[in-house]
Amino acid sequence: MTGELFVVATPIGNLGDISLRALEVLSSVDAILAEDTRHSRRLLDHHGITTPLWSLHEHNEKAKTASLIDDLSSGKKLALISDAGTPLISDPGFCLVREARDAGIAVMPLPGPCAFVAALSVAGLASDAFSFFGFLPPKQQARINALKRLADRTETLIFYEAPHRVLATLADMQTVFGDDRLAVMARELSKSYETVKKASLLDLVTWVESDPNQQKGEIVLLIEGKRQQTDADFSQALSLYDKLKADLPMKRAVKLASEVTGVSKNQLYQMVISAK
Ligand code: SAM
């Protein structure tokens with residue numbers, strides 16, 4: 001007799017954003033594992049669900065996993081939820097899910113809300129390739145180092161950020177990715193003050209700085225990937241270089257042409273050398 005572990009997505013704001021199947025499962029399992037039982041009780045009360053809530057959060061997950069695996073092995077059906085959205089996405093549950101799966105227990109997802117997927121779906125940034133990084137380091141130097149490692153990535157980059165750090169993080173993104181890189185700030189999705197703003201990093205920093213309301217609530221940041229350089233970009237850079245070299249030394253002309261057109265300085269230099 002083996003139990004089942006259901007991993008259930010819950011709303012990220014609007015309590016109506018929960019699937020009919022999620023409500024059925026949450027009503028019928030033996031217990032619901034929740035990060036903050038008082039917070040989740042409000043959701044369950046709203047939907048008339050009286051299933052017992054057990055606490056499972058980042059500080060007790062390791063200690064509790066073995067006894068939960070025993071419960072599941074003896075036939076209990078459990079549901080895992082987090083405070084908002086999909087469990088394990090910047091939320092606890094990884095240890096339990098891994099151990100349950102290794103023990104041969106059925107682990108089933110109940111798909112639903114996830115803040116970064118919701119944000120990506122309305123951002124108007126490329127969604128065919130993207131990477132999600134969760135929260136950046138809170139200390140500035142570590143954050144800048146992490147961003148520098150991502151500066152040349154061409155897919156859309158997605159982050160969660162706390163409201164009291166959003167301005168500092170956007171300013172660091174501007175420093176590392178440049179003024180012109182497009183970004184989207186998706187705030188309070190599915191709630192009363194839902195705001196989705198798409199702008200260059202320069203304009204986004206100015207906007208957030210000038211409006212303290214934008215530094216409140218729950219926030220997803222999305223950054224356009226570095227633009228891939230096309231043949232047209234290189235021919236534009238070469239023709240600018242040709243004009244500049246009349247008055248400037250070669251290296252200076254290459255540097256300026258690369259800055260103006262955004263193409264790689266080294267690649268442009270190689271093209272100039274091989275064209276000689
Ligand atoms: N598991 C959740 C999910 O599926 O998205 C995320 C949990 S993570 C601890 C919480 C972070 O998600 C918040 O700090 C914020 O960055 C983002 N978030 C959660 N709800 C949001 C919302 N309604 N609007 C924008 N971002 C949200």
# chains A, B, ... in the order shown; residues from 1 in each chain; ligands from 1
>>> residues_around(residues="Val254 of chain A", least_positions_apart="4", cutoff="9 Å", atoms="only C-alpha atoms", output="list in words")
Ala237, Leu238, Leu240, Tyr241, Leu244, Lys245, Pro249, Met250, Ser258, Glu259, Lys265, Asn266, Leu268, Tyr269 and Val272 of chain A
>>> write_last_selection(atoms="N, CA and C atoms", output="PDB file, in the first residue's frame")
ATOM      1  N   ALA A 237      28.631  48.506 -39.201  1.00  0.00           N
ATOM      2  CA  ALA A 237      29.822  48.860 -38.411  1.00  0.00           C
ATOM      3  C   ALA A 237      31.020  49.107 -39.335  1.00  0.00           C
ATOM      4  N   LEU A 238      31.146  48.263 -40.360  1.00  0.00           N
ATOM      5  CA  LEU A 238      32.278  48.423 -41.288  1.00  0.00           C
ATOM      6  C   LEU A 238      32.182  49.734 -42.061  1.00  0.00           C
ATOM      7  N   LEU A 240      30.682  52.465 -41.085  1.00  0.00           N
ATOM      8  CA  LEU A 240      30.992  53.562 -40.162  1.00  0.00           C
ATOM      9  C   LEU A 240      32.507  53.638 -39.942  1.00  0.00           C
ATOM     10  N   TYR A 241      33.124  52.454 -39.771  1.00  0.00           N
ATOM     11  CA  TYR A 241      34.582  52.413 -39.581  1.00  0.00           C
ATOM     12  C   TYR A 241      35.288  53.090 -40.765  1.00  0.00           C
ATOM     13  N   LEU A 244      35.145  56.767 -40.286  1.00  0.00           N
ATOM     14  CA  LEU A 244      35.909  57.272 -39.136  1.00  0.00           C
ATOM     15  C   LEU A 244      37.419  57.199 -39.369  1.00  0.00           C
ATOM     16  N   LYS A 245      37.855  56.154 -40.119  1.00  0.00           N
ATOM     17  CA  LYS A 245      39.311  55.933 -40.236  1.00  0.00           C
ATOM     18  C   LYS A 245      40.005  57.059 -41.002  1.00  0.00           C
ATOM     19  N   PRO A 249      42.944  57.146 -35.745  1.00  0.00           N
ATOM     20  CA  PRO A 249      43.759  55.931 -35.827  1.00  0.00           C
ATOM     21  C   PRO A 249      42.848  54.696 -35.865  1.00  0.00           C
ATOM     22  N   MET A 250      43.371  53.578 -36.441  1.00  0.00           N
ATOM     23  CA  MET A 250      42.522  52.403 -36.666  1.00  0.00           C
ATOM     24  C   MET A 250      41.820  51.925 -35.381  1.00  0.00           C
ATOM     25  N   SER A 258      32.315  50.199 -32.980  1.00  0.00           N
ATOM     26  CA  SER A 258      31.724  49.119 -32.186  1.00  0.00           C
ATOM     27  C   SER A 258      30.763  49.689 -31.140  1.00  0.00           C
ATOM     28  N   GLU A 259      31.137  50.803 -30.507  1.00  0.00           N
ATOM     29  CA  GLU A 259      30.259  51.407 -29.492  1.00  0.00           C
ATOM     30  C   GLU A 259      28.942  51.893 -30.102  1.00  0.00           C
ATOM     31  N   LYS A 265      33.720  44.499 -30.498  1.00  0.00           N
ATOM     32  CA  LYS A 265      34.919  45.251 -30.908  1.00  0.00           C
ATOM     33  C   LYS A 265      35.960  44.295 -31.494  1.00  0.00           C
ATOM     34  N   ASN A 266      36.138  43.134 -30.826  1.00  0.00           N
ATOM     35  CA  ASN A 266      37.160  42.188 -31.287  1.00  0.00           C
ATOM     36  C   ASN A 266      36.828  41.649 -32.668  1.00  0.00           C
ATOM     37  N   LEU A 268      34.950  43.056 -34.958  1.00  0.00           N
ATOM     38  CA  LEU A 268      35.091  44.123 -35.952  1.00  0.00           C
ATOM     39  C   LEU A 268      36.572  44.320 -36.292  1.00  0.00           C
ATOM     40  N   TYR A 269      37.423  44.284 -35.254  1.00  0.00           N
ATOM     41  CA  TYR A 269      38.870  44.450 -35.449  1.00  0.00           C
ATOM     42  C   TYR A 269      39.393  43.360 -36.391  1.00  0.00           C
ATOM     43  N   VAL A 272      38.396  44.053 -39.932  1.00  0.00           N
ATOM     44  CA  VAL A 272      39.169  45.149 -40.520  1.00  0.00           C
ATOM     45  C   VAL A 272      40.550  44.640 -40.934  1.00  0.00           C
TER      46      VAL A 272
END
>>> residues_near_ligand(ligand="ligand 1", cutoff="8 Å", atoms="only C-alpha atoms and all ligand atoms", output="ChimeraX atom specification")
/A:9,12-13,82-91,113-117,119,134-135,159-163,186-191,194,217-221
>>> select_by_dssp(residues="segment 30-167 of chain A", states="helix (DSSP H, G or I)", output="count of residues only")
57
>>> residues_around(residues="Ile49 of chain A", least_positions_apart="5", cutoff="9 Å", atoms="only C-alpha atoms", output="list in words")
Leu23, Leu26, Ser27, Arg41, Leu43 and Leu44 of chain A
>>> residues_around(residues="Glu99 of chain A", least_positions_apart="3", cutoff="8 Å", atoms="only C-alpha atoms", output="tab-separated table (two decimals) with C-alpha atoms, in the first residue's frame")
chain	number	residue	atom	x	y	z
A	65	THR	CA	11.11	14.44	5.23
A	69	ILE	CA	8.11	9.37	3.55
A	95	CYS	CA	13.94	17.50	-0.59
A	96	LEU	CA	10.53	15.85	-0.07
A	102	ASP	CA	13.47	7.81	-4.88
A	103	ALA	CA	11.23	5.76	-2.55
>>> residues_around(residues="Leu56 of chain A", least_positions_apart="3", cutoff="6 Å", atoms="only C-alpha atoms", output="list in words")
Leu33, Ala34, Glu35 and Glu61 of chain A
>>> write_last_selection(atoms="N, CA and C atoms", output="CSV table (one decimal), in the first residue's frame")
chain,number,residue,atom,x,y,z
A,33,LEU,N,0.5,19.8,3.3
A,33,LEU,CA,1.8,20.3,3.8
A,33,LEU,C,1.9,21.8,3.3
A,34,ALA,N,2.0,22.7,4.2
A,34,ALA,CA,2.0,24.1,3.8
A,34,ALA,C,3.2,24.9,4.5
A,35,GLU,N,3.7,25.8,3.7
A,35,GLU,CA,4.8,26.7,4.3
A,35,GLU,C,4.4,27.4,5.5
A,61,GLU,N,12.1,21.3,6.6
A,61,GLU,CA,11.9,20.3,5.6
A,61,GLU,C,12.8,19.1,5.7
>>> atom_distance(atom1="atom CA of Ser67 of chain A", atom2="atom CA of Val107 of chain A")
16.5 Å
>>> closest_residue(among="A:Ala100, A:Arg227, A:Ser121, A:Lys197", to="Ala66 of chain A", atoms="only C-alpha atoms")
A:Ala100
>>> residues_around(residues="Pro137 of chain A", least_positions_apart="2", cutoff="12 Å", atoms="only C-alpha atoms", output="number ranges by chain")
A: 133-135, 139-147, 159-162, 165, 168-169, 172
>>> select_by_dssp(residues="segment 79-193 of chain A", states="strand (DSSP E)", output="MDAnalysis selection string")
chainID A and resid 79:80 106:110 130:135 156:161 182:187
>>> atom_distance(atom1="atom CA of Asp71 of chain A", atom2="atom CA of Leu20 of chain A")
26.0 Å
>>> closest_residue(among="A:Arg101, A:His164, A:His57, A:Arg153", to="Ser131 of chain A", atoms="only C-alpha atoms")
A:Arg153
>>> closest_residue(among="A:Gly262, A:Leu204, A:Ser55, A:Leu68", to="Gln229 of chain A", atoms="only C-alpha atoms")
A:Gly262
>>> closest_residue(among="A:Leu72, A:Ile223, A:Ala199, A:Ala253", to="Leu150 of chain A", atoms="only C-alpha atoms")
A:Ile223
>>> atom_distance(atom1="atom CA of Gln215 of chain A", atom2="atom CA of Leu202 of chain A")
16.3 Å
>>> closest_residue(among="A:Ser74, A:Ser127, A:Pro52, A:Val184", to="Lys198 of chain A", atoms="only C-alpha atoms")
A:Val184
